[in-house]
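First up is the structure itself, then whatever we jot down about it.
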Amino acid sequence: MAWNDDDDNGNPWQKQGPPDVDAALKKLKEQFKNSGYTGAIVAAIVVIGLFAFSCFFSVQADEVGVVQRFGKYSRIVNPGLNFKWPAGIEKVTLVKEQKVYEEEFGSRTLRAAVRTQYAPSSQFENESLMLTGDLNGALVPWIVQYRIGDPANYLFKVKNVTNTLRDLSEAVMRQVIGDRTIDEVISERREIATTAEKSLQQALNDAETGITLVNLELKRTTVPAPVQPSFNEVNQAQQEKERMIYEAREAYNKIIPEAKGEAERNIKNAEGYAMERINRAKGDANRFLLQWKEYSKAKDVTRRRLYLETMGEVIPKLGTKYILDPEKSGLLPLLNLGEKGDQK
């Protein structure tokens, strides 16, 4: 039953004959045929568009593109608009070469801001707890900052680069700390960090990780809480020892130079006295030799002159002198014994 407004009698409910099935099928076939061609064209356009879209890609200024062809490393492309073969043939992986990454050991930063929040250090104490060269325990937290220096090695040479970096960092740091005393670990952090950075970079290069270190920094090093009181006592004892050594050195520096100066002065005095005696002896010997030469030339005259010179030196020193003539007898010549003055 169908509406029929063209009926002469004006009866809309007049029953009509069956529709023309062949005509309907033909019409449907034509529509399907037309729509099939359109779909193919649309599909071709979509495929071409996808092909073109997958062939061009953009690399940002701080990135490089690592291109793989059928899964094998092919090349590295620089920032800008680049071309590659479509998906399924070549694949590109963008690597941020200029970005500085950071790994923390012995601590974790929960939120970096004006007031940075850190996780409790006790949760990561197993990373920073180390044994020093003098068999003391130390907590040595540190951070490693790095960049991707070789993107190809970073992506393809090592399965998990981050875990490898952390394992090598711990191994190197424990080796460096194990070669130093607890005092050196606490007071020489910069020197330890420099040594550890060089060793770690060498290890990363040997492993072909493609990582270039930017900085390795040691944070505040301490000792574990259970041994802190004992460590403080040891430090106090060492400080007392240093104080006593300093005082002893001060006394040494005061007394020893003074004693050395006194000894040097006595040595100089002795040397001067010895030089004086030697010169005097040489002078006396020379004078004696000269006199002997003169004596040899005229023995009688020289003997008399020596006698007279000697008497001239000796007699004035005798005081009052009495000269007696052996030919005189009696005491008459001695009547004036009580008078003062020399009598000759």
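Every chain in the structure tokens has a letter given in the order shown (A, B, ...), and although residue numbers restart at 1 in each chain, ligands are simply numbered from 1 in the order shown.
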Name all residues at most 12 Å from Asp167 of chain A (count only C-alpha atoms; drop same-chain ones fewer than 2 positions away) and give them as a short mmCIF file (atom, residue, chain, number, x, y, z; two decimals) with N, CA and C atoms, in the first residue's frame.
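Ended up saving to selection-v8.cif:
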```cif
data_model
loop_
_atom_site.label_atom_id
_atom_site.label_comp_id
_atom_site.auth_asym_id
_atom_site.auth_seq_id
_atom_site.Cartn_x
_atom_site.Cartn_y
_atom_site.Cartn_z
N GLU A 103 71.20 12.46 37.49
CA GLU A 103 70.94 11.27 38.30
C GLU A 103 71.43 11.54 39.72
N PHE A 105 72.19 10.15 43.72
CA PHE A 105 72.60 8.97 44.46
C PHE A 105 72.58 9.32 45.95
N GLU A 127 72.63 3.41 48.82
CA GLU A 127 73.41 3.94 47.70
C GLU A 127 74.61 4.73 48.17
N ASN A 160 70.12 -0.63 28.46
CA ASN A 160 69.52 0.32 29.39
C ASN A 160 70.62 1.26 29.86
N VAL A 161 70.70 2.42 29.22
CA VAL A 161 71.80 3.34 29.49
C VAL A 161 71.73 3.90 30.90
N THR A 162 70.54 4.23 31.37
CA THR A 162 70.41 4.84 32.70
C THR A 162 70.89 3.90 33.79
N ASN A 163 70.47 2.62 33.73
CA ASN A 163 70.93 1.66 34.73
C ASN A 163 72.44 1.45 34.64
N THR A 164 72.95 1.43 33.42
CA THR A 164 74.40 1.28 33.26
C THR A 164 75.14 2.45 33.88
N LEU A 165 74.63 3.66 33.65
CA LEU A 165 75.24 4.85 34.24
C LEU A 165 75.22 4.78 35.76
N SER A 169 78.55 4.50 38.08
CA SER A 169 78.78 5.60 39.02
C SER A 169 79.03 5.06 40.43
N GLU A 170 78.21 4.12 40.85
CA GLU A 170 78.40 3.56 42.19
C GLU A 170 79.72 2.81 42.28
N ALA A 171 80.08 2.05 41.25
CA ALA A 171 81.33 1.30 41.29
C ALA A 171 82.53 2.24 41.37
N VAL A 172 82.52 3.27 40.55
CA VAL A 172 83.65 4.22 40.54
C VAL A 172 83.74 4.96 41.87
N MET A 173 82.60 5.44 42.38
CA MET A 173 82.62 6.22 43.62
C MET A 173 83.09 5.36 44.80
N ARG A 174 82.66 4.12 44.86
CA ARG A 174 83.09 3.26 45.96
C ARG A 174 84.59 2.97 45.87
N LEU A 200 84.84 7.89 35.89
CA LEU A 200 83.51 7.53 35.39
C LEU A 200 83.39 7.80 33.90
N ALA A 203 85.06 5.03 32.08
CA ALA A 203 84.24 3.81 32.10
C ALA A 203 83.07 3.90 31.14
N LEU A 204 82.44 5.06 31.06
CA LEU A 204 81.32 5.24 30.12
C LEU A 204 81.80 5.16 28.68
N ALA A 207 82.37 1.54 27.78
CA ALA A 207 81.10 0.83 27.58
C ALA A 207 80.33 1.32 26.36
#
```
* Assign secondary structure with DSSP using the backbone only, and return the residues of segment 128-268 of chain A in strand (DSSP E or B) as an MDAnalysis selection string. => chainID A and resid 129:131 137:139 142:148 211:218 222
Save out the residues we just selected, N, CA and C atoms, as a PDB file, in the first residue's frame.
```pdb
ATOM      1  N   LEU A 129      76.025   4.667  51.429  1.00  0.00           N
ATOM      2  CA  LEU A 129      76.810   4.082  52.520  1.00  0.00           C
ATOM      3  C   LEU A 129      78.020   3.361  51.933  1.00  0.00           C
ATOM      4  N   MET A 130      79.223   3.804  52.337  1.00  0.00           N
ATOM      5  CA  MET A 130      80.459   3.265  51.766  1.00  0.00           C
ATOM      6  C   MET A 130      81.487   3.026  52.865  1.00  0.00           C
ATOM      7  N   LEU A 131      82.482   2.216  52.542  1.00  0.00           N
ATOM      8  CA  LEU A 131      83.578   1.900  53.449  1.00  0.00           C
ATOM      9  C   LEU A 131      84.822   2.637  52.991  1.00  0.00           C
ATOM     10  N   GLY A 137      82.800   3.819  58.184  1.00  0.00           N
ATOM     11  CA  GLY A 137      81.620   3.974  57.350  1.00  0.00           C
ATOM     12  C   GLY A 137      81.339   5.442  57.082  1.00  0.00           C
ATOM     13  N   ALA A 138      80.913   5.741  55.853  1.00  0.00           N
ATOM     14  CA  ALA A 138      80.626   7.123  55.476  1.00  0.00           C
ATOM     15  C   ALA A 138      79.400   7.153  54.576  1.00  0.00           C
ATOM     16  N   LEU A 139      78.609   8.218  54.716  1.00  0.00           N
ATOM     17  CA  LEU A 139      77.472   8.474  53.841  1.00  0.00           C
ATOM     18  C   LEU A 139      77.902   9.529  52.824  1.00  0.00           C
ATOM     19  N   TRP A 142      75.817  11.975  46.112  1.00  0.00           N
ATOM     20  CA  TRP A 142      76.363  12.759  45.001  1.00  0.00           C
ATOM     21  C   TRP A 142      75.367  12.789  43.854  1.00  0.00           C
ATOM     22  N   ILE A 143      75.610  13.678  42.904  1.00  0.00           N
ATOM     23  CA  ILE A 143      74.773  13.802  41.716  1.00  0.00           C
ATOM     24  C   ILE A 143      75.668  13.763  40.481  1.00  0.00           C
ATOM     25  N   VAL A 144      75.105  13.247  39.389  1.00  0.00           N
ATOM     26  CA  VAL A 144      75.805  13.177  38.104  1.00  0.00           C
ATOM     27  C   VAL A 144      74.951  13.887  37.066  1.00  0.00           C
ATOM     28  N   GLN A 145      75.516  14.864  36.400  1.00  0.00           N
ATOM     29  CA  GLN A 145      74.840  15.579  35.317  1.00  0.00           C
ATOM     30  C   GLN A 145      75.541  15.235  34.000  1.00  0.00           C
ATOM     31  N   TYR A 146      74.736  14.954  32.975  1.00  0.00           N
ATOM     32  CA  TYR A 146      75.318  14.493  31.721  1.00  0.00           C
ATOM     33  C   TYR A 146      74.464  14.913  30.539  1.00  0.00           C
ATOM     34  N   ARG A 147      75.052  14.820  29.340  1.00  0.00           N
ATOM     35  CA  ARG A 147      74.365  15.021  28.070  1.00  0.00           C
ATOM     36  C   ARG A 147      74.587  13.796  27.186  1.00  0.00           C
ATOM     37  N   ILE A 148      73.815  13.714  26.132  1.00  0.00           N
ATOM     38  CA  ILE A 148      73.971  12.629  25.168  1.00  0.00           C
ATOM     39  C   ILE A 148      74.971  13.103  24.122  1.00  0.00           C
ATOM     40  N   ILE A 211      77.432   8.768  26.451  1.00  0.00           N
ATOM     41  CA  ILE A 211      77.154   9.801  27.459  1.00  0.00           C
ATOM     42  C   ILE A 211      78.399  10.649  27.677  1.00  0.00           C
ATOM     43  N   THR A 212      78.194  11.962  27.756  1.00  0.00           N
ATOM     44  CA  THR A 212      79.260  12.902  28.084  1.00  0.00           C
ATOM     45  C   THR A 212      78.917  13.580  29.408  1.00  0.00           C
ATOM     46  N   LEU A 213      79.791  13.441  30.393  1.00  0.00           N
ATOM     47  CA  LEU A 213      79.531  14.027  31.708  1.00  0.00           C
ATOM     48  C   LEU A 213      79.689  15.538  31.661  1.00  0.00           C
ATOM     49  N   VAL A 214      78.777  16.210  32.336  1.00  0.00           N
ATOM     50  CA  VAL A 214      78.835  17.657  32.481  1.00  0.00           C
ATOM     51  C   VAL A 214      79.409  18.031  33.847  1.00  0.00           C
ATOM     52  N   ASN A 215      78.980  17.328  34.887  1.00  0.00           N
ATOM     53  CA  ASN A 215      79.438  17.654  36.237  1.00  0.00           C
ATOM     54  C   ASN A 215      79.162  16.468  37.150  1.00  0.00           C
ATOM     55  N   LEU A 216      80.064  16.258  38.104  1.00  0.00           N
ATOM     56  CA  LEU A 216      79.864  15.301  39.186  1.00  0.00           C
ATOM     57  C   LEU A 216      80.147  16.036  40.482  1.00  0.00           C
ATOM     58  N   GLU A 217      79.170  16.085  41.346  1.00  0.00           N
ATOM     59  CA  GLU A 217      79.286  16.898  42.564  1.00  0.00           C
ATOM     60  C   GLU A 217      78.935  16.057  43.787  1.00  0.00           C
ATOM     61  N   LEU A 218      79.811  16.125  44.803  1.00  0.00           N
ATOM     62  CA  LEU A 218      79.543  15.470  46.079  1.00  0.00           C
ATOM     63  C   LEU A 218      78.774  16.415  46.980  1.00  0.00           C
ATOM     64  N   THR A 222      78.801  12.657  55.549  1.00  0.00           N
ATOM     65  CA  THR A 222      78.710  12.462  56.993  1.00  0.00           C
ATOM     66  C   THR A 222      79.004  10.998  57.314  1.00  0.00           C
TER      67      THR A 222
END
```
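Reported to one decimal place, the separation of atom CA of Ala119 of chain A from atom CA of Ser187 of chain A is 25.5 Å.
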Show which residues sit within 10 Å of Ser74 of chain A, as an mmCIF file with C-alpha atoms, in the first residue's frame. Count only C-alpha atoms, and ignore same-chain residues fewer than 6 positions away.
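Okay, part-v7.cif is ready:
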```
data_model
loop_
_atom_site.group_PDB
_atom_site.id
_atom_site.type_symbol
_atom_site.label_atom_id
_atom_site.label_comp_id
_atom_site.auth_asym_id
_atom_site.auth_seq_id
_atom_site.Cartn_x
_atom_site.Cartn_y
_atom_site.Cartn_z
ATOM 1 C CA VAL A 66 68.692 9.272 14.366
ATOM 2 C CA VAL A 67 67.477 7.495 11.206
ATOM 3 C CA GLN A 68 67.117 3.720 10.949
ATOM 4 C CA GLU A 90 63.010 4.313 7.498
ATOM 5 C CA LYS A 91 62.295 5.362 11.048
ATOM 6 C CA VAL A 92 63.551 8.469 12.859
ATOM 7 C CA ALA A 152 73.860 6.356 17.972
#
```
* To do: Quick one: pull the distance between atom CA of Val234 of chain A and atom CA of Pro141 of chain A, Å, one decimal.
  =>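 We find that atom CA of Val234 of chain A and atom CA of Pro141 of chain A lie 22.8 Å from each other.
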* Structure fact -> Across A:Asn78, A:Asn253, A:Thr132, A:Gln238, the smallest distance to Thr181 of chain A, with only C-alpha atoms counted, is shown by A:Thr132
* helix (DSSP H, G or I) call set, DSSP backbone run, segment 130-183 of chain A, as a list in words -> Pro151, Ala152, Asn153, Tyr154, Leu155, Phe156, Val161, Thr162, Asn163, Thr164, Leu165, Arg166, Asp167, Leu168, Ser169, Glu170, Ala171, Val172, Met173, Arg174, Gln175, Val176, Ile177, Gly178, Ile182 and Asp183 of chain A
May I have the selected residues written with N, CA and C atoms, as a PDB file, in the first residue's frame?
```
ATOM      1  N   PRO A 151      74.509  10.080  19.990  1.00  0.00           N
ATOM      2  CA  PRO A 151      73.144   9.525  19.988  1.00  0.00           C
ATOM      3  C   PRO A 151      73.073   8.094  19.487  1.00  0.00           C
ATOM      4  N   ALA A 152      73.910   7.718  18.504  1.00  0.00           N
ATOM      5  CA  ALA A 152      73.860   6.356  17.972  1.00  0.00           C
ATOM      6  C   ALA A 152      74.261   5.341  19.040  1.00  0.00           C
ATOM      7  N   ASN A 153      75.365   5.595  19.739  1.00  0.00           N
ATOM      8  CA  ASN A 153      75.770   4.693  20.818  1.00  0.00           C
ATOM      9  C   ASN A 153      74.742   4.687  21.945  1.00  0.00           C
ATOM     10  N   TYR A 154      74.201   5.846  22.251  1.00  0.00           N
ATOM     11  CA  TYR A 154      73.215   5.956  23.325  1.00  0.00           C
ATOM     12  C   TYR A 154      71.981   5.095  23.039  1.00  0.00           C
ATOM     13  N   LEU A 155      71.546   5.029  21.769  1.00  0.00           N
ATOM     14  CA  LEU A 155      70.318   4.303  21.425  1.00  0.00           C
ATOM     15  C   LEU A 155      70.550   2.821  21.178  1.00  0.00           C
ATOM     16  N   PHE A 156      71.733   2.445  20.635  1.00  0.00           N
ATOM     17  CA  PHE A 156      71.866   1.095  20.104  1.00  0.00           C
ATOM     18  C   PHE A 156      72.943   0.246  20.754  1.00  0.00           C
ATOM     19  N   VAL A 161      70.696   2.424  29.216  1.00  0.00           N
ATOM     20  CA  VAL A 161      71.804   3.335  29.487  1.00  0.00           C
ATOM     21  C   VAL A 161      71.728   3.905  30.899  1.00  0.00           C
ATOM     22  N   THR A 162      70.544   4.228  31.366  1.00  0.00           N
ATOM     23  CA  THR A 162      70.411   4.843  32.696  1.00  0.00           C
ATOM     24  C   THR A 162      70.886   3.896  33.786  1.00  0.00           C
ATOM     25  N   ASN A 163      70.474   2.623  33.726  1.00  0.00           N
ATOM     26  CA  ASN A 163      70.933   1.655  34.726  1.00  0.00           C
ATOM     27  C   ASN A 163      72.439   1.450  34.639  1.00  0.00           C
ATOM     28  N   THR A 164      72.950   1.425  33.419  1.00  0.00           N
ATOM     29  CA  THR A 164      74.403   1.279  33.260  1.00  0.00           C
ATOM     30  C   THR A 164      75.141   2.455  33.880  1.00  0.00           C
ATOM     31  N   LEU A 165      74.631   3.658  33.649  1.00  0.00           N
ATOM     32  CA  LEU A 165      75.241   4.847  34.239  1.00  0.00           C
ATOM     33  C   LEU A 165      75.224   4.779  35.758  1.00  0.00           C
ATOM     34  N   ARG A 166      74.138   4.384  36.336  1.00  0.00           N
ATOM     35  CA  ARG A 166      74.040   4.323  37.796  1.00  0.00           C
ATOM     36  C   ARG A 166      74.972   3.248  38.354  1.00  0.00           C
ATOM     37  N   ASP A 167      75.035   2.102  37.708  1.00  0.00           N
ATOM     38  CA  ASP A 167      75.915   1.039  38.195  1.00  0.00           C
ATOM     39  C   ASP A 167      77.378   1.451  38.113  1.00  0.00           C
ATOM     40  N   LEU A 168      77.770   2.041  36.990  1.00  0.00           N
ATOM     41  CA  LEU A 168      79.158   2.483  36.856  1.00  0.00           C
ATOM     42  C   LEU A 168      79.487   3.602  37.832  1.00  0.00           C
ATOM     43  N   SER A 169      78.545   4.496  38.078  1.00  0.00           N
ATOM     44  CA  SER A 169      78.777   5.596  39.021  1.00  0.00           C
ATOM     45  C   SER A 169      79.026   5.063  40.428  1.00  0.00           C
ATOM     46  N   GLU A 170      78.205   4.118  40.852  1.00  0.00           N
ATOM     47  CA  GLU A 170      78.400   3.555  42.191  1.00  0.00           C
ATOM     48  C   GLU A 170      79.725   2.815  42.285  1.00  0.00           C
ATOM     49  N   ALA A 171      80.078   2.051  41.253  1.00  0.00           N
ATOM     50  CA  ALA A 171      81.328   1.298  41.287  1.00  0.00           C
ATOM     51  C   ALA A 171      82.530   2.236  41.368  1.00  0.00           C
ATOM     52  N   VAL A 172      82.522   3.268  40.549  1.00  0.00           N
ATOM     53  CA  VAL A 172      83.649   4.217  40.544  1.00  0.00           C
ATOM     54  C   VAL A 172      83.743   4.961  41.867  1.00  0.00           C
ATOM     55  N   MET A 173      82.605   5.444  42.384  1.00  0.00           N
ATOM     56  CA  MET A 173      82.624   6.215  43.625  1.00  0.00           C
ATOM     57  C   MET A 173      83.087   5.355  44.797  1.00  0.00           C
ATOM     58  N   ARG A 174      82.656   4.119  44.862  1.00  0.00           N
ATOM     59  CA  ARG A 174      83.089   3.255  45.962  1.00  0.00           C
ATOM     60  C   ARG A 174      84.589   2.971  45.873  1.00  0.00           C
ATOM     61  N   GLN A 175      85.109   2.857  44.665  1.00  0.00           N
ATOM     62  CA  GLN A 175      86.540   2.652  44.512  1.00  0.00           C
ATOM     63  C   GLN A 175      87.322   3.875  44.973  1.00  0.00           C
ATOM     64  N   VAL A 176      86.871   5.055  44.592  1.00  0.00           N
ATOM     65  CA  VAL A 176      87.571   6.279  44.972  1.00  0.00           C
ATOM     66  C   VAL A 176      87.503   6.483  46.485  1.00  0.00           C
ATOM     67  N   ILE A 177      86.335   6.280  47.076  1.00  0.00           N
ATOM     68  CA  ILE A 177      86.185   6.455  48.534  1.00  0.00           C
ATOM     69  C   ILE A 177      87.014   5.413  49.279  1.00  0.00           C
ATOM     70  N   GLY A 178      87.110   4.209  48.725  1.00  0.00           N
ATOM     71  CA  GLY A 178      87.871   3.152  49.396  1.00  0.00           C
ATOM     72  C   GLY A 178      89.359   3.406  49.450  1.00  0.00           C
ATOM     73  N   ILE A 182      88.544   8.612  56.272  1.00  0.00           N
ATOM     74  CA  ILE A 182      87.289   9.299  56.551  1.00  0.00           C
ATOM     75  C   ILE A 182      87.489  10.805  56.613  1.00  0.00           C
ATOM     76  N   ASP A 183      88.647  11.254  57.113  1.00  0.00           N
ATOM     77  CA  ASP A 183      88.916  12.692  57.158  1.00  0.00           C
ATOM     78  C   ASP A 183      89.037  13.271  55.759  1.00  0.00           C
TER      79      ASP A 183
END
```
* Looking at A:Arg69, A:Gly149, A:Ala61, A:Ser54, which one is nearest to Pro86 of chain A, with distances taken over only C-alpha atoms? -> A:Ser54
* For the atom pair atom CA of Glu309 of chain A and atom CA of Ser296 of chain A, what is the interatomic distance in Å to one decimal place? -> 17.8 Å
